[in-house]
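Before any comments, here is the structure.
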Amino acid sequence: MKLLRKLLFFTTPLFYLITVARNTLYDISFFKSTKFQIPTIGVGNLAVGGTGKSPMVEYLINLLSDRYSIATLSRGYGRNTKSFTIASEKSTHLDIGDEPLQFYNKYDNIIVSVDNDRVNGISKLLQIDNPPGVILLDDCFQHRKLTLGLSILLTDFSNLFSSDYLMPLGNLREPASSSKRADIVIVTKCPINIDEVIKSNIKNKLNLKLSQKLFFSSIEYSKSLIFKNKKVSFIDFIKNKFILVTGLASSDHIVDYLTKNKCDFEHKKFNDHHDYILRDFEKINPLLNILTTEKDYAKLTKIFPKRDIYYLPISVNIDSNKLFDKIILDYCNIS
């Protein structure tokens, strides 16, 4: 991959011109962008790869679902369908994608939907019986056909967008200057109790507008694993060797966490949104338990219905969370 990027680096200026031209045409209203009256909150990023969008959407679900009827709307990456779909008991990751399936399996009181065209998806949601009161959109920052009511942009602590480069030289899908469109910027996967000096340095590097709000968040791992809808102590589980299976854009964080806890494990690493098949596991020890991510759990249990498979839940902690929550709630109340 690094060699391919080096070979294609000369295309970066062309990609820059295309993305800037596209954004400019939306900025001057040459291209149409639709805004809805219903509160719409989008969680996105500039970089290709994982910055923690799904845990952030779940944070918003937990914050809002007791007050409003909530719908999530995602592209449904990796699904075999393209049209608007509302998740049901029969849905699989092939119908709606792995992350929407995770939302559906985890929350009983929300509507989970997918559509490649977010404007069409919102229109469809508003036409159903008992339409939602708030719509949360996953990975939609580049979807300029939709004007979000509130835009949340995530950037990874270990790879800030201000230090990255446009594809294919770097990981950015559009220039770092596009961050100015966001209302809120969150630096994700920060060390717990991040130092104020480090936060100040990051703020200077990101060079945000005065109107933009900046927050810092960290990942918290549960003290219990989930196994067949039952909780199992993490401390008890790691007493024995196990296999870690990840299909993530970056698995560094969970690997570091397990290593710090002196776990004895083998790691089977796959690309993000990997569609697992039996052949992927021909050489793994059948006597070892499997630990995976919540996103991959449903796919793996379908392949190995008799195998002991566990997942480690995670949650997001936001520094200054009371202020963040207030901004979100105030927006929903006013809209």
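Ordering of the structure tokens sets the chain letters (A, B, ...); residue numbers start at 1 within each chain; ligands are numbered from 1 in the order shown.
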
Running DSSP on the backbone, which parts of stretch 62-249 of chain A land in alpha helix (DSSP H), as JSON, numbers by chain?
{"A": [62, 63, 64, 93, 94, 95, 96, 98, 99, 100, 101, 102, 103, 104, 105, 106, 118, 119, 120, 121, 122, 123, 124, 125, 126, 127, 196, 197, 198, 199, 200, 201, 202, 203, 204, 205, 206, 234, 235, 236, 237]}

Taking 4 positions as the minimum chain separation for residues in the same chain, which residues sit within 8 Å of stretch 248-251 of chain A when counting only C-alpha atoms? Answer as an mmCIF file with N, CA and C atoms, in the first residue's frame.
```cif
data_model
loop_
_atom_site.group_PDB
_atom_site.id
_atom_site.type_symbol
_atom_site.label_atom_id
_atom_site.label_comp_id
_atom_site.auth_asym_id
_atom_site.auth_seq_id
_atom_site.Cartn_x
_atom_site.Cartn_y
_atom_site.Cartn_z
ATOM 1 N N GLY A 49 -10.680 5.747 7.153
ATOM 2 C CA GLY A 49 -10.327 4.910 8.297
ATOM 3 C C GLY A 49 -11.070 5.310 9.546
ATOM 4 N N GLY A 50 -10.829 4.553 10.589
ATOM 5 C CA GLY A 50 -11.613 4.686 11.805
ATOM 6 C C GLY A 50 -11.149 5.802 12.722
ATOM 7 N N VAL A 255 -5.251 -3.451 20.643
ATOM 8 C CA VAL A 255 -4.032 -4.245 20.834
ATOM 9 C C VAL A 255 -3.194 -3.656 21.968
ATOM 10 N N LYS A 269 -5.682 -10.178 12.025
ATOM 11 C CA LYS A 269 -6.070 -8.828 11.615
ATOM 12 C C LYS A 269 -6.596 -8.829 10.185
ATOM 13 N N PHE A 270 -7.770 -8.209 9.997
ATOM 14 C CA PHE A 270 -8.393 -8.105 8.678
ATOM 15 C C PHE A 270 -8.697 -6.640 8.378
ATOM 16 N N ASN A 271 -8.989 -6.364 7.124
ATOM 17 C CA ASN A 271 -9.334 -5.000 6.721
ATOM 18 C C ASN A 271 -10.680 -4.585 7.307
ATOM 19 N N ASP A 272 -10.896 -3.297 7.360
ATOM 20 C CA ASP A 272 -12.157 -2.754 7.868
ATOM 21 C C ASP A 272 -13.333 -3.294 7.062
ATOM 22 N N HIS A 273 -14.411 -3.662 7.766
ATOM 23 C CA HIS A 273 -15.647 -4.183 7.162
ATOM 24 C C HIS A 273 -15.420 -5.516 6.438
#
```

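If you measure from each of A:Leu208, A:Ile186, A:Leu244, A:Ile309 to A:Leu258 using only C-alpha atoms, the closest one turns out to be A:Leu244.
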
Just the residues within 9 Å of A:Asn171, please, counting only C-alpha atoms, with nothing from its chain fewer than 5 positions along; format it as a PyMOL selection string.
chain A and resi 46-49+161+164-166

Do you have, as a Markdown table, the list of residues of stretch 148-251 of chain A lying at most 8 Å from stretch 14-35 of chain A, each with its nearest atom pair and that distance in Å to one decimal, counting only C-alpha atoms and ordered by chain then number?
```
| residue | atom | partner | partner_atom | distance |
| --- | --- | --- | --- | --- |
| A:Leu148 | CA | A:Lys35 | CA | 6.6 |
| A:Gly149 | CA | A:Lys35 | CA | 7.5 |
| A:Leu166 | CA | A:Tyr16 | CA | 7.1 |
| A:Met167 | CA | A:Phe15 | CA | 7.4 |
| A:Glu174 | CA | A:Thr19 | CA | 6.0 |
| A:Pro175 | CA | A:Tyr16 | CA | 7.0 |
```

Surrounding residues of A:Leu288 excluding itself and chain neighbours under 5 positions, 7 Å, only C-alpha atoms, as a PyMOL selection string:
chain A and resi 241-243

Name the residues of stretch 222-327 of chain A that come out as strand (DSSP E) in a backbone DSSP run; write them as JSON, numbers by chain.
{"A": [224, 225, 226, 227, 230, 231, 232, 233, 242, 243, 244, 245, 246, 247, 265, 266, 267, 268, 269, 270, 289, 290, 291, 292, 309, 310, 311, 314, 315, 316, 317, 318]}

Could you dump the residues just selected with C-alpha atoms as a short mmCIF file (atom, residue, chain, number, x, y, z; two decimals), in the first residue's frame?
```
data_model
loop_
_atom_site.label_atom_id
_atom_site.label_comp_id
_atom_site.auth_asym_id
_atom_site.auth_seq_id
_atom_site.Cartn_x
_atom_site.Cartn_y
_atom_site.Cartn_z
CA SER A 224 -16.99 -7.28 31.27
CA LEU A 225 -17.03 -9.15 27.98
CA ILE A 226 -20.26 -10.21 26.27
CA PHE A 227 -20.73 -13.88 25.47
CA LYS A 230 -24.15 -12.80 29.15
CA LYS A 231 -21.45 -10.81 30.92
CA VAL A 232 -18.08 -12.41 31.60
CA SER A 233 -15.38 -10.83 33.74
CA PHE A 242 -7.11 -16.32 23.31
CA ILE A 243 -7.33 -15.18 19.70
CA LEU A 244 -8.12 -11.54 18.90
CA VAL A 245 -9.98 -11.08 15.60
CA THR A 246 -10.34 -7.53 14.28
CA GLY A 247 -11.79 -6.08 11.10
CA PHE A 265 -3.18 -13.59 22.62
CA GLU A 266 -2.75 -14.19 18.93
CA HIS A 267 -4.01 -11.52 16.56
CA LYS A 268 -5.85 -12.21 13.31
CA LYS A 269 -6.07 -8.83 11.62
CA PHE A 270 -8.39 -8.11 8.68
CA ASN A 289 -11.60 -18.64 22.63
CA ILE A 290 -12.10 -15.76 20.20
CA LEU A 291 -12.26 -12.14 21.30
CA THR A 292 -13.52 -9.66 18.72
CA ILE A 309 -16.87 -15.90 20.71
CA TYR A 310 -16.71 -12.85 22.98
CA TYR A 311 -16.66 -9.12 22.36
CA ILE A 314 -16.40 0.19 24.47
CA SER A 315 -17.82 3.60 25.31
CA VAL A 316 -16.78 7.18 24.74
CA ASN A 317 -15.80 9.60 27.49
CA ILE A 318 -15.92 13.24 26.46
#
```

Skipping near chain neighbours, those fewer than 2 positions away, what residues fall within 9 Å of A:Ile61 using only C-alpha atoms, listed as an MDAnalysis selection string?
chainID A and resid 56:59 63:66 70:72 107 110 136

Listing only residues of stretch 231-330 of chain A within 10 Å of stretch 86-94 of chain A, what is the closest atom pair and its distance in Å (to one decimal) for each, using only C-alpha atoms, sorted by chain and residue number ascending, as JSON lines?
```
{"residue": "A:His273", "atom": "CA", "partner": "A:His93", "partner_atom": "CA", "distance": 9.6}
{"residue": "A:Asp275", "atom": "CA", "partner": "A:Leu94", "partner_atom": "CA", "distance": 8.9}
{"residue": "A:Lys295", "atom": "CA", "partner": "A:His93", "partner_atom": "CA", "distance": 9.8}
{"residue": "A:Asp296", "atom": "CA", "partner": "A:His93", "partner_atom": "CA", "distance": 9.7}
{"residue": "A:Ala298", "atom": "CA", "partner": "A:His93", "partner_atom": "CA", "distance": 8.2}
{"residue": "A:Lys299", "atom": "CA", "partner": "A:His93", "partner_atom": "CA", "distance": 7.4}
{"residue": "A:Lys302", "atom": "CA", "partner": "A:Thr92", "partner_atom": "CA", "distance": 9.9}
```

Dump as a CSV table (one decimal), in the first residue's frame, selection limited to N, CA and C atoms:
```csv
chain,number,residue,atom,x,y,z
A,273,HIS,N,-14.4,-3.7,7.8
A,273,HIS,CA,-15.6,-4.2,7.2
A,273,HIS,C,-15.4,-5.5,6.4
A,275,ASP,N,-15.6,-9.2,5.2
A,275,ASP,CA,-16.7,-10.1,5.1
A,275,ASP,C,-16.1,-11.5,5.3
A,295,LYS,N,-18.6,-4.8,16.5
A,295,LYS,CA,-19.0,-4.7,15.1
A,295,LYS,C,-18.9,-6.0,14.4
A,296,ASP,N,-17.8,-6.8,14.7
A,296,ASP,CA,-17.6,-8.1,14.0
A,296,ASP,C,-18.3,-9.3,14.7
A,298,ALA,N,-21.4,-10.2,15.3
A,298,ALA,CA,-22.6,-10.8,14.6
A,298,ALA,C,-22.1,-11.6,13.4
A,299,LYS,N,-21.1,-11.1,12.7
A,299,LYS,CA,-20.6,-11.8,11.5
A,299,LYS,C,-19.9,-13.1,11.9
A,302,LYS,N,-22.2,-15.9,13.2
A,302,LYS,CA,-22.9,-16.6,12.1
A,302,LYS,C,-22.0,-17.7,11.4
```

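The neighbours of stretch 80-85 of chain A here are the residues that come within 9 Å of it, using only C-alpha atoms and leaving out any residue fewer than 2 positions away in the same chain; they are Arg75, Gly76, Gly78, Ala87, His93, Leu94, Asp95, Ile96, Gly97, Val112, Ser113, Val114, Asp115, Asn116, Asp117, Asn120, Gly121 and Lys124 of chain A.
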
Include N, CA and C atoms and write out the residues we just selected as an mmCIF file, in the first residue's frame.
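The resulting result-v7.cif:
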```cif
data_model
loop_
_atom_site.group_PDB
_atom_site.id
_atom_site.type_symbol
_atom_site.label_atom_id
_atom_site.label_comp_id
_atom_site.auth_asym_id
_atom_site.auth_seq_id
_atom_site.Cartn_x
_atom_site.Cartn_y
_atom_site.Cartn_z
ATOM 1 N N ARG A 75 -24.759 5.007 5.359
ATOM 2 C CA ARG A 75 -24.584 4.489 4.003
ATOM 3 C C ARG A 75 -24.747 2.973 3.998
ATOM 4 N N GLY A 76 -24.304 2.322 5.059
ATOM 5 C CA GLY A 76 -24.351 0.864 5.114
ATOM 6 C C GLY A 76 -23.227 0.249 4.308
ATOM 7 N N GLY A 78 -20.495 -1.836 2.626
ATOM 8 C CA GLY A 78 -20.294 -3.264 2.460
ATOM 9 C C GLY A 78 -21.546 -4.073 2.227
ATOM 10 N N ALA A 87 -33.880 -1.348 9.064
ATOM 11 C CA ALA A 87 -33.464 -2.619 9.646
ATOM 12 C C ALA A 87 -34.632 -3.333 10.315
ATOM 13 N N HIS A 93 -25.718 -8.183 7.963
ATOM 14 C CA HIS A 93 -24.746 -7.163 7.542
ATOM 15 C C HIS A 93 -24.707 -7.029 6.026
ATOM 16 N N LEU A 94 -25.159 -8.060 5.301
ATOM 17 C CA LEU A 94 -25.214 -7.978 3.841
ATOM 18 C C LEU A 94 -26.360 -7.088 3.373
ATOM 19 N N ASP A 95 -27.371 -6.906 4.221
ATOM 20 C CA ASP A 95 -28.523 -6.063 3.877
ATOM 21 C C ASP A 95 -28.306 -4.603 4.255
ATOM 22 N N ILE A 96 -27.671 -4.386 5.423
ATOM 23 C CA ILE A 96 -27.604 -3.018 5.948
ATOM 24 C C ILE A 96 -26.193 -2.576 6.338
ATOM 25 N N GLY A 97 -25.205 -3.481 6.316
ATOM 26 C CA GLY A 97 -23.860 -3.125 6.746
ATOM 27 C C GLY A 97 -23.626 -3.499 8.201
ATOM 28 N N VAL A 112 -33.288 2.169 12.730
ATOM 29 C CA VAL A 112 -31.985 2.075 12.065
ATOM 30 C C VAL A 112 -32.227 1.963 10.568
ATOM 31 N N SER A 113 -31.653 2.874 9.804
ATOM 32 C CA SER A 113 -31.900 2.893 8.362
ATOM 33 C C SER A 113 -30.610 3.118 7.597
ATOM 34 N N VAL A 114 -30.632 2.742 6.323
ATOM 35 C CA VAL A 114 -29.479 2.961 5.442
ATOM 36 C C VAL A 114 -29.967 3.466 4.087
ATOM 37 N N ASP A 115 -29.145 4.305 3.477
ATOM 38 C CA ASP A 115 -29.404 4.790 2.128
ATOM 39 C C ASP A 115 -28.132 5.457 1.622
ATOM 40 N N ASN A 116 -27.723 5.126 0.410
ATOM 41 C CA ASN A 116 -26.555 5.797 -0.169
ATOM 42 C C ASN A 116 -26.806 7.287 -0.345
ATOM 43 N N ASP A 117 -28.054 7.657 -0.623
ATOM 44 C CA ASP A 117 -28.448 9.047 -0.804
ATOM 45 C C ASP A 117 -29.093 9.535 0.491
ATOM 46 N N ASN A 120 -32.483 11.438 0.206
ATOM 47 C CA ASN A 120 -33.580 10.508 -0.039
ATOM 48 C C ASN A 120 -33.911 9.725 1.230
ATOM 49 N N GLY A 121 -32.872 9.329 1.981
ATOM 50 C CA GLY A 121 -33.090 8.573 3.201
ATOM 51 C C GLY A 121 -33.884 9.344 4.234
ATOM 52 N N LYS A 124 -37.503 9.629 3.133
ATOM 53 C CA LYS A 124 -38.219 8.375 3.364
ATOM 54 C C LYS A 124 -38.566 8.206 4.848
#
```

How many Å separate atom CA of A:Leu287 from atom CA of A:Cys263?
16.9 Å
